[in-house]
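Shown next: data-v7.txt, given as compact mmCIF, C-alpha atoms.
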# COMPACT_ATOMS: atom_id res chain seq x y z
CA MET D 1 0.00 0.00 0.00
CA SER D 2 1.25 3.48 -0.87
CA TYR D 3 0.62 6.39 1.45
CA LEU D 4 1.78 9.91 2.14
CA ALA D 5 2.36 11.16 5.66
CA TRP D 6 4.00 14.12 7.31
CA ILE D 7 4.69 15.40 10.82
CA ASP D 8 4.59 19.16 10.70
CA PHE D 9 2.39 21.85 12.17
CA ASP D 10 3.32 24.59 9.70
CA PRO D 11 0.13 25.57 7.79
CA GLU D 12 2.10 26.18 4.61
CA GLU D 13 3.68 22.74 4.76
CA ARG D 14 0.25 21.20 5.29
CA ARG D 15 -1.02 23.05 2.22
CA ARG D 16 1.83 21.75 0.11
CA ALA D 17 1.21 18.22 1.33
CA GLN D 18 -2.50 18.53 0.57
CA THR D 19 -1.61 19.69 -2.94
CA LEU D 20 0.38 16.51 -3.45
CA ILE D 21 -2.52 14.42 -2.19
CA ASP D 22 -4.95 16.21 -4.52
CA LEU D 23 -2.68 15.49 -7.47
CA PHE D 24 -2.76 11.80 -6.61
CA LYS D 25 -6.53 11.76 -6.86
CA GLN D 26 -7.81 10.59 -10.22
CA PRO D 27 -11.62 10.40 -9.98
CA GLU D 28 -13.31 8.60 -12.85
CA ALA D 29 -13.83 11.18 -15.54
CA ARG D 30 -16.72 9.39 -17.26
CA ASP D 31 -19.73 11.60 -17.83
CA GLU D 32 -22.32 8.86 -17.41
CA LEU D 33 -25.38 11.12 -17.44
CA GLY D 34 -24.30 13.76 -19.94
CA LEU D 35 -23.66 16.57 -17.45
CA GLY D 36 -20.41 17.66 -19.09
CA THR D 37 -21.84 20.63 -20.97
CA VAL D 38 -22.99 22.43 -17.82
CA ARG D 39 -19.96 21.26 -15.85
CA ASP D 40 -17.46 22.51 -18.44
CA GLY D 41 -19.41 25.68 -19.18
CA LEU D 42 -19.39 26.77 -15.54
CA ALA D 43 -15.75 25.71 -15.15
CA ASP D 44 -14.75 27.81 -18.18
CA LEU D 45 -16.51 30.83 -16.71
CA LEU D 46 -14.98 30.38 -13.26
CA PHE D 47 -11.53 29.00 -14.10
CA PRO D 48 -10.66 29.68 -17.76
CA GLY D 49 -7.53 28.09 -19.19
CA THR D 50 -7.64 25.12 -16.84
CA SER D 51 -8.47 21.47 -17.48
CA THR D 52 -8.75 18.40 -15.29
CA ILE D 53 -5.74 16.74 -16.92
CA GLN D 54 -3.36 19.60 -16.21
CA THR D 55 -0.96 19.12 -13.31
CA ARG D 56 1.34 22.05 -12.44
CA LEU D 57 1.19 25.73 -13.34
CA ARG D 58 4.76 26.14 -14.55
CA TYR D 59 3.91 23.99 -17.59
CA MET D 60 2.25 27.19 -18.86
CA LEU D 61 5.84 28.43 -19.23
CA PHE D 62 7.59 25.16 -19.99
CA ILE D 63 5.61 24.64 -23.20
CA PRO D 64 6.34 28.08 -24.75
CA TRP D 65 10.00 27.74 -23.77
CA THR D 66 10.17 24.30 -25.36
CA TYR D 67 8.51 25.45 -28.57
CA CYS D 68 10.64 28.58 -28.79
CA GLU D 69 13.72 26.37 -28.62
CA ALA D 70 12.38 24.05 -31.35
CA GLN D 71 11.39 27.02 -33.52
CA SER D 72 14.90 28.42 -33.27
CA ARG D 73 16.32 25.39 -35.09
CA LYS D 74 16.97 25.45 -38.85
CA ALA D 75 15.04 22.36 -39.86
CA SER D 76 11.94 21.14 -41.66
CA GLN D 77 8.56 21.07 -39.94
CA ALA D 78 8.83 17.29 -39.47
CA GLU D 79 12.31 17.67 -37.98
CA ARG D 80 11.16 20.43 -35.63
CA THR D 81 8.25 18.24 -34.53
CA ASN D 82 10.74 15.54 -33.53
CA ILE D 83 12.95 18.14 -31.86
CA ALA D 84 10.03 19.49 -29.82
CA ARG D 85 8.99 15.98 -28.81
CA ASP D 86 12.54 15.15 -27.69
CA LEU D 87 12.72 18.41 -25.73
CA GLU D 88 9.51 17.54 -23.90
CA PHE D 89 10.98 14.20 -22.89
CA ARG D 90 14.18 15.93 -21.80
CA LEU D 91 12.11 18.36 -19.73
CA SER D 92 10.40 15.47 -17.91
CA GLU D 93 13.79 13.95 -17.18
CA ALA D 94 15.11 17.33 -15.99
CA LEU D 95 12.17 17.69 -13.59
CA LEU D 96 12.89 14.27 -12.12
CA ARG D 97 16.55 15.21 -11.72
CA GLY D 98 15.38 18.38 -10.01
CA GLY D 99 13.61 16.28 -7.38
CA GLU D 100 10.05 16.63 -8.69
CA THR D 101 7.92 13.51 -8.45
CA ILE D 102 4.34 14.77 -8.37
CA GLY D 103 2.72 16.20 -11.49
CA VAL D 104 5.54 15.35 -13.90
CA ILE D 105 3.83 14.46 -17.17
CA GLY D 106 5.61 11.37 -18.48
CA ARG D 107 7.09 10.42 -15.12
CA ASP D 108 6.07 6.76 -15.45
CA ALA D 109 5.73 6.34 -19.22
CA GLY D 110 9.02 8.03 -20.07
CA ARG D 111 9.60 8.25 -23.80
CA ASP D 112 6.63 5.93 -24.45
CA LEU D 113 4.29 8.75 -23.38
CA LYS D 114 1.42 9.14 -25.86
CA ARG D 115 -0.09 12.47 -24.84
CA LEU D 116 2.56 15.13 -24.41
CA ALA D 117 2.30 18.03 -21.98
CA SER D 118 2.05 20.45 -24.90
CA SER D 119 -1.26 18.95 -26.01
CA VAL D 120 -2.58 19.04 -22.43
CA TYR D 121 -1.86 22.77 -22.08
CA TRP D 122 -2.27 23.98 -25.68
CA ALA D 123 -5.83 25.31 -25.35
CA GLY D 124 -5.11 26.90 -21.97
CA LEU D 125 -2.11 28.75 -23.37
CA ASN D 126 -4.44 30.41 -25.86
CA SER D 127 -7.16 31.14 -23.31
CA LEU D 128 -4.71 33.00 -21.09
CA GLY D 129 -3.02 34.89 -23.92
CA ILE D 130 0.35 33.19 -23.47
CA ARG D 131 0.02 31.80 -26.98
CA THR D 132 -0.99 34.85 -29.00
CA MET D 133 -1.67 33.26 -32.39
CA MET D 134 -4.32 30.70 -33.26
CA GLY D 135 -3.12 27.44 -34.72
CA SER D 136 -2.27 23.85 -33.99
CA GLN D 137 1.00 22.55 -32.59
CA ALA D 138 1.96 21.44 -36.10
CA THR D 139 1.30 24.94 -37.43
CA PHE D 140 3.55 26.47 -34.77
CA LEU D 141 6.35 24.05 -35.58
CA SER D 142 6.16 24.99 -39.26
CA TYR D 143 7.63 28.38 -38.31
CA GLY D 144 11.41 28.46 -38.11
CA PRO D 145 14.11 31.12 -37.99
CA GLU D 146 13.95 31.70 -41.72
CA ILE D 147 10.25 32.66 -41.50
CA PHE D 148 10.67 34.83 -38.41
CA LYS D 149 13.37 36.73 -40.24
CA ASP D 150 11.02 37.76 -43.05
CA HIS D 151 7.72 38.08 -41.17
CA ASP D 152 6.69 39.91 -38.03
CA LEU D 153 5.04 36.88 -36.43
CA LYS D 154 4.04 37.10 -32.78
CA LEU D 155 3.41 33.56 -31.60
CA TRP D 156 3.92 34.08 -27.88
CA SER D 157 3.31 36.91 -25.42
CA SER D 158 5.96 39.60 -25.78
CA SER D 159 6.43 39.65 -21.99
CA LEU D 160 7.09 35.90 -21.71
CA PRO D 161 9.94 35.46 -19.18
CA LYS D 162 13.16 33.98 -20.47
CA ALA D 163 13.75 30.28 -19.97
CA PRO D 164 16.37 29.21 -17.43
CA ALA D 165 19.69 28.42 -19.09
CA ASN D 166 19.71 24.84 -17.77
CA LEU D 167 16.00 24.13 -18.34
CA PHE D 168 16.57 20.77 -20.01
CA GLU D 169 19.25 19.64 -17.58
CA GLU D 170 17.53 20.24 -14.23
CA ALA D 171 14.19 21.89 -13.48
CA THR D 172 11.56 22.30 -10.78
CA PHE D 173 7.95 23.45 -10.64
CA ALA D 174 8.76 26.39 -8.34
CA LEU D 175 7.81 29.68 -9.98
CA THR D 176 10.06 32.70 -9.68
CA LEU D 177 8.47 35.96 -8.63
CA LYS D 178 8.81 37.31 -12.18
CA GLU D 179 7.14 34.22 -13.63
CA ALA D 180 4.28 34.42 -11.12
CA ASP D 181 3.76 38.10 -11.92
CA PHE D 182 3.66 37.29 -15.63
CA LEU D 183 1.04 34.55 -15.12
CA ARG D 184 -1.09 36.81 -12.91
CA ASP D 185 -0.89 39.48 -15.60
CA ARG D 186 -1.98 37.01 -18.29
CA ILE D 187 -4.91 35.90 -16.14
CA ALA D 188 -5.90 39.51 -15.39
CA SER D 189 -5.66 40.52 -19.05
CA ASN D 190 -7.45 37.55 -20.56
CA ALA D 191 -9.74 36.29 -17.79
CA LYS D 192 -10.49 39.47 -15.89
CA PRO D 193 -14.14 38.68 -14.96
CA SER D 194 -13.28 35.17 -13.75
CA LEU D 195 -13.08 33.86 -10.21
CA LEU D 196 -9.59 32.62 -11.05
CA ASN D 197 -8.45 36.21 -11.59
CA GLU D 198 -10.17 37.52 -8.45
CA LEU D 199 -8.54 34.86 -6.28
CA ALA D 200 -5.14 35.15 -7.98
CA GLY D 201 -5.18 38.85 -7.10
CA ALA D 202 -5.56 37.96 -3.44
CA GLY D 203 -2.05 36.48 -3.49
CA LYS D 204 -2.84 33.64 -1.10
CA SER D 205 -3.51 29.93 -1.07
CA PHE D 206 -6.88 28.31 -0.38
CA SER D 207 -7.72 25.12 1.47
CA GLN D 208 -11.51 24.95 0.98
CA ASP D 209 -12.86 21.72 -0.48
CA TRP D 210 -15.29 23.55 -2.76
CA PRO D 211 -15.05 26.95 -4.50
CA TRP D 212 -18.37 28.17 -3.07
CA GLN D 213 -16.88 27.87 0.42
CA VAL D 214 -14.36 30.64 -0.31
CA SER D 215 -15.37 33.86 1.47
CA GLU D 216 -12.95 36.39 -0.06
CA SER D 217 -14.38 39.90 -0.13
CA THR D 218 -12.87 40.40 -3.58
CA ILE D 219 -15.33 37.97 -5.17
CA SER D 220 -17.74 39.89 -7.39
CA LYS D 221 -21.51 39.61 -7.27
CA SER D 222 -21.54 37.96 -10.69
CA ASN D 223 -19.08 35.29 -9.60
CA ARG D 224 -21.03 34.72 -6.39
CA ALA D 225 -24.06 34.05 -8.59
CA LEU D 226 -22.01 31.64 -10.72
CA LEU D 227 -20.81 29.86 -7.60
CA ARG D 228 -24.36 29.48 -6.32
CA HIS D 229 -25.35 27.92 -9.65
CA ALA D 230 -22.32 25.63 -9.42
CA GLU D 231 -23.09 24.62 -5.84
CA ARG D 232 -26.68 23.81 -6.65
CA PHE D 233 -25.90 21.93 -9.86
CA SER D 234 -23.11 19.94 -8.21
CA GLY D 235 -25.27 19.17 -5.20
CA VAL D 236 -28.48 18.15 -6.91
CA MET D 237 -26.97 16.17 -9.80
CA TYR D 238 -24.74 14.30 -7.37
CA GLY D 239 -27.87 12.50 -6.27
CA ALA D 240 -28.58 11.36 -9.83
CA SER D 241 -25.07 9.93 -10.07
CA LEU D 242 -25.45 8.11 -6.75
CA LEU D 243 -28.81 6.64 -7.75
CA TYR D 244 -27.32 5.53 -11.06
CA ASN D 245 -24.57 3.62 -9.26
CA LEU D 246 -27.04 2.17 -6.75
CA LEU D 247 -29.22 0.85 -9.57
CA LEU D 248 -26.15 -0.74 -11.17
CA ALA D 249 -25.25 -2.39 -7.87
CA LEU D 250 -28.81 -3.74 -7.54
CA ARG D 251 -28.65 -5.13 -11.08
CA ALA D 252 -25.27 -6.70 -10.42
CA ALA D 253 -26.60 -8.41 -7.28
CA GLU D 254 -29.43 -9.99 -9.30
CA ARG D 255 -27.07 -11.60 -11.80
CA PRO D 256 -26.12 -15.12 -10.66
CA ASN D 257 -23.11 -15.27 -12.98
CA ALA D 258 -21.76 -11.83 -12.15
CA LYS D 259 -18.65 -13.13 -10.39
CA LYS D 260 -16.91 -9.83 -10.93
CA HIS D 261 -19.51 -8.16 -8.73
CA ALA D 262 -19.51 -10.45 -5.74
CA ASP D 263 -19.20 -7.27 -3.69
CA ALA D 264 -22.55 -5.98 -4.99
CA PRO D 265 -24.32 -6.26 -1.58
CA ALA D 266 -21.67 -4.05 0.01
CA LEU D 267 -21.91 -1.60 -2.87
CA ILE D 268 -25.69 -1.44 -2.45
CA GLU D 269 -25.35 -0.42 1.19
CA HIS D 270 -22.57 2.00 0.31
CA TYR D 271 -24.68 3.88 -2.22
CA ARG D 272 -27.82 3.74 -0.08
CA SER D 273 -25.91 5.40 2.73
CA ARG D 274 -24.53 8.11 0.45
CA LEU D 275 -27.99 8.76 -1.02
CA ASP D 276 -29.50 9.09 2.45
CA ASP D 277 -26.82 11.61 3.35
CA TRP D 278 -27.45 13.50 0.08
CA LYS D 279 -31.17 13.78 0.81
CA THR D 280 -30.53 15.41 4.19
CA LYS D 281 -28.51 18.19 2.51
CA LEU D 282 -30.99 19.05 -0.26
CA VAL D 283 -32.65 21.72 1.88
CA PHE D 284 -29.47 23.83 1.83
CA LEU D 285 -29.62 24.08 -1.96
CA GLU D 286 -32.95 25.96 -1.87
CA LEU D 287 -34.01 24.37 -5.15
CA ASN D 288 -37.43 26.05 -5.23
CA SER D 289 -35.85 29.45 -5.76
CA TRP D 290 -33.30 28.30 -8.35
CA ASP D 291 -33.59 30.05 -11.73
CA LEU D 292 -32.62 27.32 -14.18
CA ASP D 293 -33.24 29.58 -17.17
CA ASP D 294 -30.50 31.84 -15.89
CA LEU D 295 -28.12 28.89 -15.54
CA PHE D 296 -28.85 27.68 -19.07
CA SER D 297 -28.45 31.20 -20.40
CA LEU D 298 -25.00 31.47 -18.82
CA ILE D 299 -23.93 28.17 -20.40
CA GLY D 300 -25.11 29.58 -23.72
CA THR D 301 -22.49 32.32 -23.48
CA THR D 302 -19.70 29.70 -23.54
CA SER D 303 -18.46 27.47 -26.36
CA HIS D 304 -20.52 24.56 -25.02
CA THR D 305 -23.87 23.67 -26.58
CA LEU D 306 -26.57 22.53 -24.18
CA THR D 307 -29.12 20.40 -26.03
CA LYS D 308 -32.85 20.38 -25.35
CA ALA D 309 -32.55 16.74 -24.25
CA SER D 310 -29.98 17.73 -21.62
CA ARG D 311 -32.08 20.65 -20.39
CA ASP D 312 -35.14 18.41 -20.14
CA PHE D 313 -33.20 15.76 -18.22
CA ILE D 314 -31.79 18.29 -15.75
CA ARG D 315 -35.20 19.89 -15.21
CA ALA D 316 -36.85 16.49 -14.68
CA TRP D 317 -34.28 15.37 -12.12
CA ILE D 318 -34.47 18.66 -10.22
CA SER D 319 -38.25 18.33 -10.16
CA ILE D 320 -37.84 14.93 -8.48
CA ALA D 321 -35.38 16.42 -5.99
CA ARG D 322 -37.72 19.33 -5.24
CA GLU D 323 -40.44 16.86 -4.30
CA GLY D 324 -38.22 15.51 -1.55
CA ALA D 325 -36.47 12.65 -3.39
CA ARG D 326 -38.06 10.05 -1.11
CA HIS D 327 -37.72 6.33 -1.85
CA LEU D 328 -35.59 6.93 -4.94
CA GLU D 329 -34.61 3.29 -5.11
CA THR D 330 -38.20 2.37 -5.98
CA ASN D 331 -39.27 5.65 -7.61
CA SER D 332 -40.30 4.58 -11.11
CA SER D 333 -40.12 8.15 -12.44
CA ALA D 334 -36.55 8.58 -11.26
CA ILE D 335 -35.47 5.14 -12.44
CA ASP D 336 -37.08 5.53 -15.87
CA LEU D 337 -35.52 8.98 -16.23
CA LEU D 338 -32.02 7.58 -15.68
CA LYS D 339 -32.63 4.59 -17.95
CA LEU D 340 -33.89 6.76 -20.80
CA ARG D 341 -31.03 9.21 -20.33
CA GLU D 342 -28.37 6.52 -20.43
CA GLN D 343 -30.00 4.81 -23.40
CA SER D 344 -30.08 8.06 -25.36
CA LEU D 345 -26.41 8.67 -24.63
CA LYS D 346 -24.93 5.19 -24.91
CA ARG D 347 -27.40 2.98 -26.78
CA LEU D 348 -26.18 -0.63 -26.56
CA LYS D 349 -23.53 0.35 -24.01
CA ALA D 350 -26.14 1.42 -21.46
CA ARG D 351 -25.42 -0.50 -18.26
CA LEU D 352 -28.90 -0.09 -16.80
CA LEU D 353 -30.37 -1.90 -19.79
CA HIS D 354 -27.74 -4.33 -21.10
CA ASP D 355 -25.77 -7.04 -19.31
CA ALA D 356 -22.50 -6.95 -21.26
CA PRO D 357 -21.59 -3.37 -20.33
CA LEU D 358 -22.70 -4.03 -16.74
CA GLU D 359 -20.06 -6.76 -16.54
CA ARG D 360 -17.44 -4.09 -17.19
CA TRP D 361 -18.69 -1.77 -14.45
CA SER D 362 -15.93 -0.96 -11.95
CA GLY D 363 -18.28 -0.49 -9.00
CA ALA D 364 -17.98 3.29 -9.09
CA SER D 365 -18.75 5.22 -12.23
CA GLY D 366 -19.01 9.00 -12.32
CA ASP D 367 -19.96 9.03 -8.63
CA ALA D 368 -17.83 12.02 -7.59
CA ARG D 369 -19.42 15.39 -6.91
CA LEU D 370 -18.55 18.04 -9.51
CA ASP D 371 -16.00 20.66 -8.43
CA PHE D 372 -15.70 22.55 -11.75
CA ARG D 373 -11.87 22.26 -11.82
CA TRP D 374 -11.50 23.82 -8.37
CA GLY D 375 -8.93 21.16 -7.45
CA ILE D 376 -6.44 22.14 -10.15
CA SER D 377 -7.26 25.85 -9.81
CA LYS D 378 -6.65 25.72 -6.05
CA ASN D 379 -3.26 24.15 -6.69
CA TYR D 380 -2.40 26.87 -9.22
CA LEU D 381 -3.34 29.61 -6.76
CA GLY D 382 -1.16 28.00 -4.13
CA GLU D 383 1.80 27.87 -6.51
CA LEU D 384 1.35 31.55 -7.34
CA ALA D 385 1.21 32.37 -3.63
CA ASP D 386 4.36 30.35 -2.94
CA ALA D 387 6.31 32.46 -5.44
CA SER D 388 5.36 35.63 -3.58
Can you give me the file's structure in the form of structure tokens?
Amino acid sequence: MSYLAWIDFDPEERRRAQTLIDLFKQPEARDELGLGTVRDGLADLLFPGTSTIQTRLRYMLFIPWTYCEAQSRKASQAERTNIARDLEFRLSEALLRGGETIGVIGRDAGRDLKRLASSVYWAGLNSLGIRTMMGSQATFLSYGPEIFKDHDLKLWSSSLPKAPANLFEEATFALTLKEADFLRDRIASNAKPSLLNELAGAGKSFSQDWPWQVSESTISKSNRALLRHAERFSGVMYGASLLYNLLLALRAAERPNAKKHADAPALIEHYRSRLDDWKTKLVFLELNSWDLDDLFSLIGTTSHTLTKASRDFIRAWISIAREGARHLETNSSAIDLLKLREQSLKRLKARLLHDAPLERWSGASGDARLDFRWGISKNYLGELADAS
């Protein structure tokens, strides 16, 4: 068994240790009930430039530095692509030599890594104005010194800090003060209305489990409204995810040849207990006063398209929750709603309706409460604060 422990009463050390623990957590990312549009829309409004597969903030600098080095080479596009790939591997090795073990992309896979850090951070670099020109990674690597000489191309922010001289020999995730100031400036310039910017300006770290628990006075009224939407959506749809897993556990228990799910009785009690706890907290969400039209309108301002089927599903589930959500396990309306939703999303792969996909159920599928990328954003804010 692997575990992480520390003996220290320094609050800052505890925060760093908690950051490491959070990075270990890899909740199942499956969107079993098609909630991703609202989840990602709210996350983009609150924490633009982030994604759940990002790890450490300094990659926002590592990637431009790596590409600038590749673009400085006189070579063909294909050759520069190989150069950039090799540099990314060298960066991972340099981080390990620098003593970093948590959040190093490629730490375990080494040079067999399939998804490079550049692809993980590419969209975020654009969102935060660090990458100043649209285009794919391949497009960027088509530009070499001969093109820069004849064209005034601005691919990266003009205020991008210089890379350390020994970047590819030994590196760490610790931001310098200048680097932190640059990143705060990029966030302020390109994500000014966001909660990420408001909290980054506070210059401190945060330990709250959920973003709506943060009580900073700098949080605007509009972001407070977004957070209330996020809290309600996370809270109420969590119940749908729990019921979905409970129904799967009940189905697994009924299958005499489901050897893989011999633990189904324990899973049934586990999800029943979590559902009971969820029901007791519904009152705090004040669902009767929730303006869903306002929520859907906000999602419409993002790049995510919320379908009528998704809106209808969300409204129907919230209606069930508003009625008290009693006896969900035997509530035919709730059960049918989840079955129809999964069937519309997954067809023959729907676990509530077909045995083969049920056999592949892990025992926990999409059962984590939505945090709208607060986990990674909280880590970023802590890293900015550490630099100060």
**Message:** List as number ranges by chain the protein and nucleic acid residues near segment 294-303 of chain D, meaning an atom at most 12 Å away when all atoms listed in the file are counted, but skip any in the same chain fewer than 2 places from it.
**Reply:** D: 35-46, 48, 222-223, 225-233, 289-292, 305-308, 310-312, 314-315
**Point-to-point distance from atom CA of Arg360 of chain D to atom CA of Ile268 of chain D, Å rounded to tenths** =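 Straight-line distance from atom CA of Arg360 of chain D to atom CA of Ile268 of chain D works out to 17.1 Å.
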Cut-off 8 Å: closest segment 113-175 of chain D/segment 86-93 of chain D atom pairs per residue, using all atoms listed in the file, as a tab-separated table:
residue	atom	partner	partner_atom	distance
D:Leu116	CA	D:Glu88	CA	7.4
D:Ala117	CA	D:Glu88	CA	7.5
D:Leu167	CA	D:Leu91	CA	7.1
D:Phe168	CA	D:Leu91	CA	5.1
D:Glu169	CA	D:Leu91	CA	7.6
D:Glu170	CA	D:Glu93	CA	7.9
D:Ala171	CA	D:Leu91	CA	7.5
With C-alpha atoms retained, write the just-selected residues as an mmCIF file, keeping the file's coordinate frame.
data_model
loop_
_atom_site.group_PDB
_atom_site.id
_atom_site.type_symbol
_atom_site.label_atom_id
_atom_site.label_comp_id
_atom_site.auth_asym_id
_atom_site.auth_seq_id
_atom_site.Cartn_x
_atom_site.Cartn_y
_atom_site.Cartn_z
ATOM 1 C CA LEU D 116 2.560 15.130 -24.410
ATOM 2 C CA ALA D 117 2.300 18.030 -21.980
ATOM 3 C CA LEU D 167 16.000 24.130 -18.340
ATOM 4 C CA PHE D 168 16.570 20.770 -20.010
ATOM 5 C CA GLU D 169 19.250 19.640 -17.580
ATOM 6 C CA GLU D 170 17.530 20.240 -14.230
ATOM 7 C CA ALA D 171 14.190 21.890 -13.480
#
**Complete:** Residue with the minimum atom-to-atom distance to Trp317 of chain D, picked from D:Leu153, D:Ala356, D:Leu337, D:Ile187 with only C-alpha atoms counted, is D:Leu337
**Message:** Would you compute the distance between atom CA of Ala325 of chain D and atom CA of Pro357 of chain D? Give it in Å to one decimal.
**Reply:**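 Spanning atom CA of Ala325 of chain D to atom CA of Pro357 of chain D is a straight-line distance of 27.7 Å.
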**Message:** Set the distance at 10 Å and use all atoms listed in the file: which residues neighbour Met60 of chain D once local chain neighbours fewer than 2 positions away are removed? I'd like the list as a list of chain:residue names.
**Reply:**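 Listed by chain and then number, they are D:Gly49, D:Gln54, D:Arg56, D:Leu57, D:Arg58, D:Phe62, D:Ile63, D:Pro64, D:Trp65, D:Ala117, D:Ser118, D:Tyr121, D:Trp122, D:Gly124, D:Leu125, D:Leu128, D:Ile130, D:Arg131, D:Leu183.
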**Message:** Using all atoms listed in the file, can you tell me which of D:Thr50, D:Thr218, D:Thr55, D:Thr81 comes closest to Asn126 of chain D?
**Reply:**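 The closest residue to Asn126 of chain D is D:Thr50.
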**Asked** What is the distance between atom CA of Ala309 of chain D and atom CA of Gly34 of chain D, in Å to one decimal?
**Response** 9.8 Å
**Residues within 9 Å of (14.0, 21.9, -9.1), counting only C-alpha atoms, listed as number ranges by chain** = D: 94-100, 170-174
**Message:** So that I can see what lies close to segment 198-204 of chain D, please list as number ranges by chain the residues with an atom at most 10 Å from it, counting all atoms listed in the file and leaving out residues fewer than 4 positions away in the same chain.
**Reply:** D: 46, 180, 183-185, 187-188, 191-194, 214, 216-220, 223, 377-378, 380-388
**Request:** Return the single residue from D:Ala163, D:Ala264, D:Ala75, D:Leu358 that is closest to Ile147 of chain D, with distances computed using all atoms listed in the file.
**Result:**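 Of all the options, D:Ala75 lies closest to Ile147 of chain D.
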Write out N, CA and C atoms for segment 336-347 of chain D, as a PDB file, in the coordinates of the input.
ATOM      1  N   ASP D 336     -36.837   5.445 -14.418  1.00  0.00           N
ATOM      2  CA  ASP D 336     -37.080   5.530 -15.870  1.00  0.00           C
ATOM      3  C   ASP D 336     -36.319   6.714 -16.477  1.00  0.00           C
ATOM      4  N   LEU D 337     -36.244   7.806 -15.735  1.00  0.00           N
ATOM      5  CA  LEU D 337     -35.520   8.980 -16.230  1.00  0.00           C
ATOM      6  C   LEU D 337     -34.053   8.634 -16.475  1.00  0.00           C
ATOM      7  N   LEU D 338     -33.425   7.944 -15.524  1.00  0.00           N
ATOM      8  CA  LEU D 338     -32.020   7.580 -15.680  1.00  0.00           C
ATOM      9  C   LEU D 338     -31.827   6.550 -16.788  1.00  0.00           C
ATOM     10  N   LYS D 339     -32.736   5.602 -16.894  1.00  0.00           N
ATOM     11  CA  LYS D 339     -32.630   4.590 -17.950  1.00  0.00           C
ATOM     12  C   LYS D 339     -32.731   5.233 -19.332  1.00  0.00           C
ATOM     13  N   LEU D 340     -33.705   6.102 -19.499  1.00  0.00           N
ATOM     14  CA  LEU D 340     -33.890   6.760 -20.800  1.00  0.00           C
ATOM     15  C   LEU D 340     -32.707   7.663 -21.123  1.00  0.00           C
ATOM     16  N   ARG D 341     -32.176   8.332 -20.103  1.00  0.00           N
ATOM     17  CA  ARG D 341     -31.030   9.210 -20.330  1.00  0.00           C
ATOM     18  C   ARG D 341     -29.809   8.414 -20.763  1.00  0.00           C
ATOM     19  N   GLU D 342     -29.537   7.324 -20.061  1.00  0.00           N
ATOM     20  CA  GLU D 342     -28.370   6.520 -20.430  1.00  0.00           C
ATOM     21  C   GLU D 342     -28.546   5.880 -21.794  1.00  0.00           C
ATOM     22  N   GLN D 343     -29.753   5.417 -22.090  1.00  0.00           N
ATOM     23  CA  GLN D 343     -30.000   4.810 -23.400  1.00  0.00           C
ATOM     24  C   GLN D 343     -29.781   5.812 -24.528  1.00  0.00           C
ATOM     25  N   SER D 344     -30.235   7.050 -24.321  1.00  0.00           N
ATOM     26  CA  SER D 344     -30.080   8.060 -25.360  1.00  0.00           C
ATOM     27  C   SER D 344     -28.615   8.438 -25.577  1.00  0.00           C
ATOM     28  N   LEU D 345     -27.822   8.302 -24.533  1.00  0.00           N
ATOM     29  CA  LEU D 345     -26.410   8.670 -24.630  1.00  0.00           C
ATOM     30  C   LEU D 345     -25.532   7.528 -25.122  1.00  0.00           C
ATOM     31  N   LYS D 346     -25.860   6.291 -24.680  1.00  0.00           N
ATOM     32  CA  LYS D 346     -24.930   5.190 -24.910  1.00  0.00           C
ATOM     33  C   LYS D 346     -25.486   4.012 -25.705  1.00  0.00           C
ATOM     34  N   ARG D 347     -26.769   4.041 -25.977  1.00  0.00           N
ATOM     35  CA  ARG D 347     -27.400   2.980 -26.780  1.00  0.00           C
ATOM     36  C   ARG D 347     -27.100   1.595 -26.201  1.00  0.00           C
TER      37      ARG D 347
END
